[in-house]
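Below is run_21.cif, which holds mmCIF, C-alpha atoms and all ligand atoms.
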data_target
loop_
_atom_site.group_PDB
_atom_site.id
_atom_site.type_symbol
_atom_site.label_atom_id
_atom_site.label_comp_id
_atom_site.auth_asym_id
_atom_site.auth_seq_id
_atom_site.Cartn_x
_atom_site.Cartn_y
_atom_site.Cartn_z
ATOM 1 C CA MET M 1 23.170 -13.784 -11.475
ATOM 2 C CA ALA M 2 19.900 -14.239 -9.594
ATOM 3 C CA THR M 3 17.790 -11.107 -9.364
ATOM 4 C CA GLN M 4 16.591 -9.983 -5.961
ATOM 5 C CA ALA M 5 13.085 -11.103 -6.918
ATOM 6 C CA ASN M 6 14.391 -14.639 -7.305
ATOM 7 C CA THR M 7 16.199 -14.358 -4.011
ATOM 8 C CA LEU M 8 12.926 -13.298 -2.405
ATOM 9 C CA ASP M 9 11.145 -16.288 -3.928
ATOM 10 C CA GLN M 10 13.712 -18.646 -2.445
ATOM 11 C CA ASN M 11 13.025 -17.020 0.905
ATOM 12 C CA LYS M 12 9.350 -17.875 1.100
ATOM 13 C CA PRO M 13 8.141 -18.281 4.697
ATOM 14 C CA SER M 14 9.492 -21.374 6.375
ATOM 15 C CA HIS M 15 6.284 -21.774 8.373
ATOM 16 C CA SER M 16 2.830 -21.409 6.912
ATOM 17 C CA PHE M 17 0.033 -19.158 8.043
ATOM 18 C CA LEU M 18 -3.719 -19.565 7.770
ATOM 19 C CA SER M 19 -6.066 -17.802 5.379
ATOM 20 C CA ILE M 20 -6.819 -14.137 6.098
ATOM 21 C CA PHE M 21 -10.495 -15.215 6.035
ATOM 22 C CA THR M 22 -10.029 -17.660 8.965
ATOM 23 C CA PRO M 23 -13.003 -17.302 11.358
ATOM 24 C CA CYS M 24 -12.398 -15.908 14.848
ATOM 25 C CA SER M 25 -14.375 -14.973 17.959
ATOM 26 C CA ALA M 26 -15.218 -11.453 19.180
ATOM 27 C CA GLN M 27 -12.879 -12.027 22.123
ATOM 28 C CA GLN M 28 -10.004 -12.961 19.791
ATOM 29 C CA ARG M 29 -10.634 -9.803 17.812
ATOM 30 C CA GLN M 30 -10.488 -7.673 20.965
ATOM 31 C CA GLN M 31 -7.194 -9.325 21.973
ATOM 32 C CA ASN M 32 -5.829 -8.750 18.481
ATOM 33 C CA PHE M 33 -6.721 -5.041 18.546
ATOM 34 C CA GLU M 34 -4.709 -4.789 21.759
ATOM 35 C CA SER M 35 -1.792 -6.718 20.305
ATOM 36 C CA TYR M 36 -1.871 -4.629 17.104
ATOM 37 C CA TRP M 37 -1.836 -1.382 19.083
ATOM 38 C CA GLU M 38 1.176 -2.552 21.055
ATOM 39 C CA PHE M 39 2.972 -3.432 17.805
ATOM 40 C CA SER M 40 1.880 -0.212 16.123
ATOM 41 C CA GLN M 41 3.244 2.092 18.841
ATOM 42 C CA GLN M 42 6.645 0.430 18.746
ATOM 43 C CA HIS M 43 6.698 0.272 14.971
ATOM 44 C CA ALA M 44 5.617 3.874 14.340
ATOM 45 C CA GLY M 45 7.156 5.724 17.298
ATOM 46 C CA GLU M 46 5.700 9.131 18.148
ATOM 47 C CA ILE M 47 2.894 10.552 16.018
ATOM 48 C CA TYR M 48 3.335 14.149 14.753
ATOM 49 C CA GLU M 49 -0.324 15.105 14.395
ATOM 50 C CA GLN M 50 0.305 18.489 12.769
ATOM 51 C CA ASP M 51 2.460 16.984 10.037
ATOM 52 C CA ARG M 52 0.457 13.746 9.705
ATOM 53 C CA ASP M 53 3.805 12.031 10.161
ATOM 54 C CA LEU M 54 5.460 9.385 12.349
ATOM 55 C CA GLU M 55 8.787 9.370 14.145
ATOM 56 C CA HIS M 56 10.298 6.183 12.755
ATOM 57 C CA LYS M 57 9.100 6.840 9.217
ATOM 58 C CA ARG M 58 10.549 10.349 9.349
ATOM 59 C CA ASN M 59 13.891 8.953 10.548
ATOM 60 C CA LYS M 60 13.865 6.487 7.672
ATOM 61 C CA ARG M 61 13.142 9.256 5.159
ATOM 62 C CA GLU M 62 15.993 11.324 6.536
ATOM 63 C CA GLN M 63 18.311 8.339 6.077
ATOM 64 C CA PHE M 64 17.200 7.981 2.455
ATOM 65 C CA GLU M 65 17.660 11.717 1.854
ATOM 66 C CA ALA M 66 21.148 11.690 3.379
ATOM 67 C CA ASP M 67 22.107 8.883 1.020
ATOM 68 C CA GLN M 68 20.298 10.044 -2.098
ATOM 69 C CA VAL M 69 20.134 7.801 -5.173
ATOM 70 C CA ARG M 70 19.304 9.208 -8.607
ATOM 71 C CA SER M 71 18.876 7.178 -11.786
ATOM 72 C CA ARG M 72 21.853 7.193 -14.162
ATOM 73 C CA LYS M 73 19.621 6.306 -17.104
ATOM 74 C CA PRO M 74 16.757 8.801 -16.949
ATOM 75 C CA LEU M 75 13.441 8.117 -18.655
ATOM 76 C CA PRO M 76 13.757 8.522 -22.447
ATOM 77 C CA ASN M 77 11.251 11.384 -22.411
ATOM 78 C CA LEU M 78 10.260 13.119 -19.167
ATOM 79 C CA ASP M 79 7.430 14.947 -20.976
ATOM 80 C CA ALA M 80 5.795 11.595 -21.718
ATOM 81 C CA PHE M 81 5.501 11.032 -17.957
ATOM 82 C CA TYR M 82 3.986 14.467 -17.278
ATOM 83 C CA ARG M 83 1.595 14.048 -20.200
ATOM 84 C CA ASN M 84 0.288 10.667 -18.981
ATOM 85 C CA ASN M 85 0.622 10.644 -15.198
ATOM 86 C CA VAL M 86 -2.806 12.061 -14.348
ATOM 87 C CA GLU M 87 -4.590 10.524 -17.324
ATOM 88 C CA LEU M 88 -3.140 8.049 -19.816
ATOM 89 C CA VAL M 89 -3.555 10.008 -23.053
ATOM 90 C CA ASP M 90 -0.912 8.450 -25.324
ATOM 91 C CA ASN M 91 -1.315 5.016 -26.863
ATOM 92 C CA PRO M 92 0.419 2.867 -24.194
ATOM 93 C CA LYS M 93 2.100 0.881 -26.997
ATOM 94 C CA THR M 94 4.120 4.020 -27.789
ATOM 95 C CA LEU M 95 5.346 4.316 -24.186
ATOM 96 C CA ASP M 96 8.378 2.509 -22.794
ATOM 97 C CA GLN M 97 8.030 0.232 -19.747
ATOM 98 C CA LYS M 98 9.923 2.554 -17.380
ATOM 99 C CA THR M 99 7.586 5.455 -18.112
ATOM 100 C CA LEU M 100 4.543 3.199 -17.659
ATOM 101 C CA LEU M 101 5.965 1.935 -14.365
ATOM 102 C CA MET M 102 6.399 5.519 -13.129
ATOM 103 C CA THR M 103 2.920 6.670 -14.236
ATOM 104 C CA CYS M 104 1.497 3.564 -12.538
ATOM 105 C CA ILE M 105 3.282 4.360 -9.258
ATOM 106 C CA TYR M 106 2.149 7.991 -9.517
ATOM 107 C CA LYS M 107 -1.510 7.061 -10.105
ATOM 108 C CA PHE M 108 -1.522 4.587 -7.216
ATOM 109 C CA ALA M 109 -0.016 7.209 -4.866
ATOM 110 C CA ARG M 110 -2.543 9.822 -6.008
ATOM 111 C CA HIS M 111 -5.411 7.448 -5.230
ATOM 112 C CA GLU M 112 -3.906 6.641 -1.854
ATOM 113 C CA LEU M 113 -3.511 10.312 -0.930
ATOM 114 C CA ASN M 114 -7.016 11.276 -2.012
ATOM 115 C CA GLY M 115 -8.465 8.312 -0.109
ATOM 116 C CA ILE M 116 -6.852 9.340 3.187
ATOM 117 C CA ARG M 117 -7.207 13.131 2.999
ATOM 118 C CA GLY M 118 -10.938 13.013 3.825
ATOM 119 C CA ALA M 119 -10.568 10.188 6.339
ATOM 120 C CA TRP M 120 -7.984 12.067 8.452
ATOM 121 C CA ASP M 121 -10.548 14.666 9.572
ATOM 122 C CA THR M 122 -13.063 12.028 10.695
ATOM 123 C CA VAL M 123 -10.725 10.259 13.163
ATOM 124 C CA PRO M 124 -9.743 11.972 16.448
ATOM 125 C CA ALA M 125 -6.095 12.637 17.297
ATOM 126 C CA VAL M 126 -4.468 9.859 19.328
ATOM 127 C CA ASP M 127 -4.240 11.940 22.524
ATOM 128 C CA LYS M 128 -7.855 13.154 22.155
ATOM 129 C CA THR M 129 -9.479 9.705 22.313
ATOM 130 C CA THR M 130 -9.595 6.692 24.597
ATOM 131 C CA ASP M 131 -11.110 4.471 21.896
ATOM 132 C CA LEU M 132 -8.552 1.850 20.873
ATOM 133 C CA LYS M 133 -9.938 1.470 17.328
ATOM 134 C CA ASP M 134 -9.740 5.234 16.793
ATOM 135 C CA LYS M 135 -6.134 5.329 17.990
ATOM 136 C CA ILE M 136 -5.256 2.444 15.653
ATOM 137 C CA SER M 137 -6.996 4.137 12.725
ATOM 138 C CA ARG M 138 -5.259 7.465 13.354
ATOM 139 C CA VAL M 139 -1.762 5.921 13.264
ATOM 140 C CA HIS M 140 -2.807 3.790 10.286
ATOM 141 C CA LEU M 141 -3.738 6.966 8.382
ATOM 142 C CA ALA M 142 -0.478 8.673 9.354
ATOM 143 C CA GLU M 143 1.328 5.642 7.911
ATOM 144 C CA GLU M 144 -0.579 6.046 4.650
ATOM 145 C CA PHE M 145 0.547 9.702 4.441
ATOM 146 C CA CYS M 146 4.124 8.459 4.920
ATOM 147 C CA HIS M 147 3.615 6.000 2.049
ATOM 148 C CA VAL M 148 2.783 8.860 -0.301
ATOM 149 C CA ARG M 149 6.088 10.483 0.716
ATOM 150 C CA PHE M 150 7.946 7.245 -0.041
ATOM 151 C CA PHE M 151 6.215 6.996 -3.429
ATOM 152 C CA THR M 152 7.207 10.600 -4.149
ATOM 153 C CA GLU M 153 10.832 9.714 -3.348
ATOM 154 C CA MET M 154 10.594 6.800 -5.818
ATOM 155 C CA LEU M 155 9.592 9.263 -8.543
ATOM 156 C CA HIS M 156 12.324 11.714 -7.502
ATOM 157 C CA THR M 157 14.817 8.847 -7.906
ATOM 158 C CA PHE M 158 13.892 8.945 -11.604
ATOM 159 C CA HIS M 159 14.345 12.754 -11.850
ATOM 160 C CA LEU M 160 10.592 13.351 -11.720
ATOM 161 C CA GLU M 161 10.840 16.348 -9.421
ATOM 162 C CA ASN M 162 7.552 18.144 -10.174
ATOM 163 C CA ILE M 163 5.240 15.789 -8.351
ATOM 164 C CA GLU M 164 1.882 17.122 -7.211
ATOM 165 C CA PHE M 165 -1.265 15.152 -6.492
ATOM 166 C CA PRO M 166 -4.374 17.021 -7.662
ATOM 167 C CA PRO M 167 -7.819 15.888 -6.423
ATOM 168 C CA LEU M 168 -9.495 13.047 -8.328
ATOM 169 C CA GLY M 169 -12.634 13.578 -10.445
ATOM 170 C CA PRO M 170 -15.846 14.897 -8.773
ATOM 171 C CA ILE M 171 -17.490 11.457 -8.364
ATOM 172 C CA GLU M 172 -14.420 9.777 -6.867
ATOM 173 C CA THR M 173 -13.829 12.790 -4.606
ATOM 174 C CA LYS M 174 -17.425 12.554 -3.335
ATOM 175 C CA VAL M 175 -17.068 8.784 -2.730
ATOM 176 C CA TYR M 176 -13.847 9.286 -0.761
ATOM 177 C CA GLU M 177 -15.549 12.121 1.184
ATOM 178 C CA ILE M 178 -18.626 10.077 2.167
ATOM 179 C CA PHE M 179 -16.823 6.767 2.740
ATOM 180 C CA PRO M 180 -15.191 7.570 6.132
ATOM 181 C CA HIS M 181 -18.578 8.685 7.538
ATOM 182 C CA CYS M 182 -20.208 5.293 6.862
ATOM 183 C CA PRO M 183 -20.916 2.993 9.844
ATOM 184 C CA GLU M 184 -18.057 0.631 10.649
ATOM 185 C CA ALA M 185 -19.947 -2.499 9.517
ATOM 186 C CA LEU M 186 -20.434 -0.991 6.071
ATOM 187 C CA MET M 187 -16.992 0.591 5.745
ATOM 188 C CA SER M 188 -14.886 -2.343 6.970
ATOM 189 C CA PRO M 189 -15.258 -4.780 4.025
ATOM 190 C CA PRO M 190 -14.214 -2.302 1.272
ATOM 191 C CA ALA M 191 -11.510 -0.841 3.550
ATOM 192 C CA PHE M 192 -10.134 -4.350 4.094
ATOM 193 C CA VAL M 193 -10.315 -5.268 0.402
ATOM 194 C CA THR M 194 -8.398 -2.124 -0.618
ATOM 195 C CA GLU M 195 -5.621 -3.091 1.834
ATOM 196 C CA LEU M 196 -5.603 -6.615 0.397
ATOM 197 C CA MET M 197 -5.511 -5.210 -3.110
ATOM 198 C CA GLY M 198 -2.691 -2.828 -2.168
ATOM 199 C CA MET M 199 -0.513 -5.650 -0.842
ATOM 200 C CA ASN M 200 -1.009 -7.840 -3.901
ATOM 201 C CA PHE M 201 -0.310 -4.833 -6.108
ATOM 202 C CA TYR M 202 2.956 -4.185 -4.203
ATOM 203 C CA ILE M 203 4.052 -7.829 -4.567
ATOM 204 C CA GLN M 204 3.756 -7.597 -8.353
ATOM 205 C CA LEU M 205 5.183 -4.061 -8.352
ATOM 206 C CA ASP M 206 8.281 -5.403 -6.596
ATOM 207 C CA GLU M 207 8.688 -8.016 -9.342
ATOM 208 C CA LYS M 208 8.191 -5.405 -12.077
ATOM 209 C CA ILE M 209 10.773 -3.077 -10.511
ATOM 210 C CA CYS M 210 13.295 -5.942 -10.655
ATOM 211 C CA GLU M 211 12.371 -6.760 -14.240
ATOM 212 C CA ILE M 212 12.067 -3.287 -15.768
ATOM 213 C CA LEU M 213 14.897 -1.570 -13.877
ATOM 214 C CA ASP M 214 17.369 -4.418 -14.263
ATOM 215 C CA ASP M 215 19.790 -2.106 -16.111
ATOM 216 C CA GLU M 216 19.821 0.264 -13.115
ATOM 217 C CA PRO M 217 20.866 -1.764 -10.059
ATOM 218 C CA GLU M 218 21.313 1.239 -7.757
ATOM 219 C CA ALA M 219 18.001 2.930 -8.586
ATOM 220 C CA ARG M 220 16.234 -0.451 -8.650
ATOM 221 C CA ASP M 221 17.468 -1.322 -5.172
ATOM 222 C CA ARG M 222 16.496 2.101 -3.822
ATOM 223 C CA LEU M 223 12.974 1.754 -5.202
ATOM 224 C CA ARG M 224 12.702 -1.664 -3.616
ATOM 225 C CA GLU M 225 13.954 -0.384 -0.251
ATOM 226 C CA LEU M 226 11.315 2.360 -0.361
ATOM 227 C CA LEU M 227 8.647 -0.138 -1.400
ATOM 228 C CA HIS M 228 9.565 -2.602 1.339
ATOM 229 C CA GLU M 229 9.182 0.145 3.957
ATOM 230 C CA ILE M 230 5.609 0.536 2.702
ATOM 231 C CA MET M 231 4.993 -3.224 2.519
ATOM 232 C CA VAL M 232 5.891 -3.801 6.180
ATOM 233 C CA ASP M 233 3.045 -1.440 7.162
ATOM 234 C CA GLU M 234 0.656 -2.817 4.564
ATOM 235 C CA CYS M 235 1.257 -6.391 5.699
ATOM 236 C CA ALA M 236 0.095 -5.304 9.170
ATOM 237 C CA HIS M 237 -2.827 -3.256 7.795
ATOM 238 C CA ILE M 238 -4.339 -6.332 6.122
ATOM 239 C CA GLY M 239 -4.712 -8.194 9.409
ATOM 240 C CA GLN M 240 -5.715 -5.080 11.304
ATOM 241 C CA ARG M 241 -8.544 -4.274 8.846
ATOM 242 C CA ARG M 242 -9.607 -7.927 8.770
ATOM 243 C CA ASN M 243 -9.872 -7.774 12.559
ATOM 244 C CA PHE M 244 -12.704 -5.221 12.323
ATOM 245 C CA MET M 245 -15.040 -7.852 10.814
ATOM 246 C CA GLY M 246 -17.228 -10.747 11.909
ATOM 247 C CA PRO M 247 -18.548 -13.489 9.591
ATOM 248 C CA ILE M 248 -20.905 -11.232 7.586
ATOM 249 C CA GLY M 249 -18.151 -8.706 6.907
ATOM 250 C CA ILE M 250 -15.836 -11.513 5.782
ATOM 251 C CA TRP M 251 -18.497 -12.908 3.451
ATOM 252 C CA PHE M 252 -19.122 -9.434 1.996
ATOM 253 C CA SER M 253 -15.367 -8.823 1.557
ATOM 254 C CA LYS M 254 -14.956 -11.940 -0.569
ATOM 255 C CA ALA M 255 -17.805 -10.750 -2.786
ATOM 256 C CA LEU M 256 -16.160 -7.332 -3.151
ATOM 257 C CA ILE M 257 -12.704 -8.524 -4.257
ATOM 258 C CA LYS M 258 -13.398 -8.846 -7.969
ATOM 259 C CA PRO M 259 -15.479 -5.639 -8.432
ATOM 260 C CA ILE M 260 -13.046 -3.478 -6.419
ATOM 261 C CA PHE M 261 -10.013 -4.849 -8.285
ATOM 262 C CA LYS M 262 -11.740 -4.314 -11.643
ATOM 263 C CA MET M 263 -12.713 -0.759 -10.703
ATOM 264 C CA PHE M 264 -9.152 0.026 -9.724
ATOM 265 C CA THR M 265 -7.785 -1.461 -12.944
ATOM 266 C CA ARG M 266 -10.148 0.791 -14.894
ATOM 267 C CA ASP M 267 -8.875 3.840 -12.996
ATOM 268 C CA ILE M 268 -5.210 2.869 -13.425
ATOM 269 C CA PRO M 269 -4.963 1.269 -16.881
ATOM 270 C CA GLU M 270 -1.215 0.720 -16.398
ATOM 271 C CA ILE M 271 -2.063 -2.108 -13.956
ATOM 272 C CA ALA M 272 -3.671 -4.203 -16.702
ATOM 273 C CA ILE M 273 -0.776 -3.407 -19.060
ATOM 274 C CA LEU M 274 2.056 -4.246 -16.665
ATOM 275 C CA PHE M 275 0.538 -6.693 -14.186
ATOM 276 C CA ASP M 276 -1.328 -9.993 -14.193
ATOM 277 C CA VAL M 277 -4.817 -8.910 -13.036
ATOM 278 C CA ASP M 278 -6.200 -12.470 -12.750
ATOM 279 C CA ARG M 279 -3.288 -13.313 -10.462
ATOM 280 C CA LEU M 280 -3.979 -10.175 -8.383
ATOM 281 C CA ILE M 281 -7.579 -11.345 -7.873
ATOM 282 C CA ASN M 282 -6.678 -15.003 -7.215
ATOM 283 C CA ASP M 283 -3.945 -14.068 -4.762
ATOM 284 C CA ALA M 284 -6.430 -11.879 -2.872
ATOM 285 C CA HIS M 285 -8.975 -14.718 -2.628
ATOM 286 C CA ASN M 286 -6.295 -17.156 -1.449
ATOM 287 C CA PHE M 287 -4.297 -14.734 0.705
ATOM 288 C CA ASN M 288 -2.495 -16.432 3.617
ATOM 289 C CA TYR M 289 0.796 -14.446 3.823
ATOM 290 C CA SER M 290 2.698 -17.136 1.868
ATOM 291 C CA THR M 291 3.302 -14.681 -1.000
ATOM 292 C CA ILE M 292 5.080 -12.187 1.293
ATOM 293 C CA SER M 293 8.799 -12.308 1.928
ATOM 294 C CA PRO M 294 9.747 -13.419 5.469
ATOM 295 C CA ARG M 295 11.993 -10.340 5.674
ATOM 296 C CA ILE M 296 8.851 -8.228 5.520
ATOM 297 C CA ILE M 297 6.750 -10.496 7.740
ATOM 298 C CA GLU M 298 9.320 -10.514 10.539
ATOM 299 C CA ARG M 299 9.041 -6.711 10.865
ATOM 300 C CA SER M 300 5.244 -6.714 10.590
ATOM 301 C CA TRP M 301 2.139 -7.990 12.420
ATOM 302 C CA ILE M 302 -0.198 -10.930 11.733
ATOM 303 C CA PRO M 303 -3.434 -11.703 13.647
ATOM 304 C CA SER M 304 -3.090 -14.569 16.109
ATOM 305 C CA TYR M 305 -5.900 -16.536 14.395
ATOM 306 C CA CYS M 306 -3.942 -16.562 11.096
ATOM 307 C CA GLN M 307 -0.845 -18.046 12.726
HETATM 308 FE FE FE G 401 -0.375 2.498 2.002
HETATM 309 FE FE FE G 402 -2.588 0.404 4.064
#
Structure encoded using structure tokens:
Amino acid sequence: MATQANTLDQNKPSHSFLSIFTPCSAQQRQQNFESYWEFSQQHAGEIYEQDRDLEHKRNKREQFEADQVRSRKPLPNLDAFYRNNVELVDNPKTLDQKTLLMTCIYKFARHELNGIRGAWDTVPAVDKTTDLKDKISRVHLAEEFCHVRFFTEMLHTFHLENIEFPPLGPIETKVYEIFPHCPEALMSPPAFVTELMGMNFYIQLDEKICEILDDEPEARDRLRELLHEIMVDECAHIGQRRNFMGPIGIWFSKALIKPIFKMFTRDIPEIAILFDVDRLINDAHNFNYSTISPRIIERSWIPSYCQ
């Protein structure tokens, strides 16, 4: 029987898009910010500022909670997860693939949460600003908080109930603190590259979930449903963050792909163990949406100059 990953592959987009690095004019970028904001409001629904949450994401979570799925074949040793989730201390060769997959998901979510915590306080609430880019960024951040909740539900699916996300080390914490205060021209290329990296990471994560959790169809499918909810947003974030940049920003972004990916792989060693890092980097350089399932694209947003 074909796995869902194979089914996805057979469903590659019927029409092709252009490279994410396709040049565009300032006027096109302005039009695309407006079109993104229109999409974003419909996609997210109301923003709950206090809870850093969004209406449609909350509804989706409630649906998942009402129809809870829990793994029938728990991890061989839950302690191994809690020993290695913050820092990989065991020899990875002694760890099974499911545990490595879960520690990898945990570490990615922890990075995501720590990256957005500081940024949230630097962007005004949607109803307190008239600046379109600020409004877009605020909802974008709320979406990222929702992603951490979806990741947490993935871990709960595997009976990992004690999930907390402590701050990162002092240097990383400082970097994440300073980063949102940088001028837009300086912040946009790394912000874009981390979105690009995230998407390519999720594409391979989806494949690994199919491969490693093949003996658990119910839990596997639930993890994929949760992941696809994240991927729809991330697909839109790539174009949105690209739209912040002119030619210099685009040039700088290309130069940043390899160092940022390598840095991330150092921080999350599970990525190099489970994933194909060269493919992650190549796919980022060549990104044109052709690696994303049409089922995700049809619910997402792509800049007009990439279509
Ligand atoms: Fe995210
Ligand atoms: Fe994102």
Please return as a PyMOL selection string the residues found within 9 Å of ligand FE 401 (chain G), counting only C-alpha atoms and all ligand atoms.
chain M and resi 109+112-113+140-141+143-148+195+198-199+230-231+233-234+237
Here is a test: counting all atoms listed in the file, which residue of M:Leu196, M:Ile273, M:Leu186, M:Ile297 is nearest to ligand FE 402 (chain G)?
M:Leu196
Give me, as a PDB file with C-alpha atoms, in the coordinates of the input, all polymer residues having an atom no more than 12 Å from Asp278 (chain M), counting all atoms listed in the file and skipping those fewer than 2 positions away in the same chain.
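And here's selection_33.pdb as it stands now:
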ATOM      1  CA  ASN M 200      -1.009  -7.840  -3.901  1.00  0.00           C
ATOM      2  CA  PHE M 201      -0.310  -4.833  -6.108  1.00  0.00           C
ATOM      3  CA  GLN M 204       3.756  -7.597  -8.353  1.00  0.00           C
ATOM      4  CA  ILE M 257     -12.704  -8.524  -4.257  1.00  0.00           C
ATOM      5  CA  LYS M 258     -13.398  -8.846  -7.969  1.00  0.00           C
ATOM      6  CA  PHE M 261     -10.013  -4.849  -8.285  1.00  0.00           C
ATOM      7  CA  LYS M 262     -11.740  -4.314 -11.643  1.00  0.00           C
ATOM      8  CA  THR M 265      -7.785  -1.461 -12.944  1.00  0.00           C
ATOM      9  CA  ILE M 271      -2.063  -2.108 -13.956  1.00  0.00           C
ATOM     10  CA  ALA M 272      -3.671  -4.203 -16.702  1.00  0.00           C
ATOM     11  CA  PHE M 275       0.538  -6.693 -14.186  1.00  0.00           C
ATOM     12  CA  ASP M 276      -1.328  -9.993 -14.193  1.00  0.00           C
ATOM     13  CA  LEU M 280      -3.979 -10.175  -8.383  1.00  0.00           C
ATOM     14  CA  ILE M 281      -7.579 -11.345  -7.873  1.00  0.00           C
ATOM     15  CA  ASN M 282      -6.678 -15.003  -7.215  1.00  0.00           C
ATOM     16  CA  ASP M 283      -3.945 -14.068  -4.762  1.00  0.00           C
ATOM     17  CA  ALA M 284      -6.430 -11.879  -2.872  1.00  0.00           C
ATOM     18  CA  HIS M 285      -8.975 -14.718  -2.628  1.00  0.00           C
TER      19      HIS M 285
END
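Taking CA of Asn288 (chain M) as the reference point, CA of Thr22 (chain M) is found at 9.3 Å.
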Expanded to explicit residues, what is the PyMOL selection byres (((chain M and resi 302) around 6) and not hetatm) for this file, as a list in words?
Gly239, Trp301 and Pro303 of chain M
Counting only C-alpha atoms, the residue of M:Glu184, M:Glu225, M:Glu161, M:Asp121 that sits nearest Ala142 (chain M)
M:Asp121
Per-residue nearest contacts region 9-127 of chain M to region 178-183 of chain M, cut-off 10 Å, using only C-alpha atoms, as CSV:
residue,atom,partner,partner_atom,distance
M:Gly115,CA,M:Phe179,CA,9.0
M:Ile116,CA,M:Pro180,CA,9.0
M:Gly118,CA,M:Pro180,CA,7.3
M:Ala119,CA,M:Pro180,CA,5.3
M:Trp120,CA,M:Pro180,CA,8.8
M:Asp121,CA,M:Pro180,CA,9.2
M:Thr122,CA,M:Pro180,CA,6.7
M:Val123,CA,M:Pro180,CA,8.8
Deliver the residues from the most recent selection as a file, using C-alpha atoms, as a compact mmCIF listing (two decimals), in the frame of the given file.
# COMPACT_ATOMS: atom_id res chain seq x y z
CA GLY M 115 -8.46 8.31 -0.11
CA ILE M 116 -6.85 9.34 3.19
CA GLY M 118 -10.94 13.01 3.82
CA ALA M 119 -10.57 10.19 6.34
CA TRP M 120 -7.98 12.07 8.45
CA ASP M 121 -10.55 14.67 9.57
CA THR M 122 -13.06 12.03 10.70
CA VAL M 123 -10.72 10.26 13.16
Nearest candidate to Glu298 (chain M) (options M:Ser253, M:Ala236, M:Glu172, M:Arg224; using only C-alpha atoms)
M:Ala236
I'd like the neighbourhood of Arg222 (chain M) as number ranges by chain, where a residue qualifies if any of its atoms comes within 12 Å (using all atoms listed in the file), though same-chain residues fewer than 3 positions away should be ignored.
M: 61, 63-65, 67-71, 150-151, 153-158, 206, 209-210, 213, 216-219, 225-229
Neighbouring residues of Lys98 (chain M) were defined as those with any atom within 12 Å, considering all atoms listed in the file; residues of the same chain fewer than 5 positions away were excluded. Please report them as number ranges by chain.
M: 71, 73-78, 80-81, 92, 103-105, 155, 158, 208-216, 219-220, 270, 274
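With all atoms listed in the file taken into account, every residue lying no more than 8 Å from the file point (-7.5, -1.1, 9.4) is included here: Ile136, Ser137, His140, Ser188, Ala191, Phe192, His237, Ile238, Gly239, Gln240, Arg241, Arg242, Asn243 and Phe244 of chain M.
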Restricting the output to C-alpha atoms, write the selected residues as a short mmCIF file (atom, residue, chain, number, x, y, z; two decimals), keeping the file's coordinate frame.
data_model
loop_
_atom_site.label_atom_id
_atom_site.label_comp_id
_atom_site.auth_asym_id
_atom_site.auth_seq_id
_atom_site.Cartn_x
_atom_site.Cartn_y
_atom_site.Cartn_z
CA ILE M 136 -5.26 2.44 15.65
CA SER M 137 -7.00 4.14 12.72
CA HIS M 140 -2.81 3.79 10.29
CA SER M 188 -14.89 -2.34 6.97
CA ALA M 191 -11.51 -0.84 3.55
CA PHE M 192 -10.13 -4.35 4.09
CA HIS M 237 -2.83 -3.26 7.80
CA ILE M 238 -4.34 -6.33 6.12
CA GLY M 239 -4.71 -8.19 9.41
CA GLN M 240 -5.72 -5.08 11.30
CA ARG M 241 -8.54 -4.27 8.85
CA ARG M 242 -9.61 -7.93 8.77
CA ASN M 243 -9.87 -7.77 12.56
CA PHE M 244 -12.70 -5.22 12.32
#
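Checking M:Tyr48, M:Pro124, M:Tyr202, M:Asp53 one by one against ligand FE 402 (chain G), counting all atoms listed in the file, you find the shortest gap at M:Tyr202.
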From the list M:Thr173, M:Ser293, M:Thr194, M:Ser300, which residue is nearest ligand FE 402 (chain G) when using all atoms listed in the file?
M:Thr194
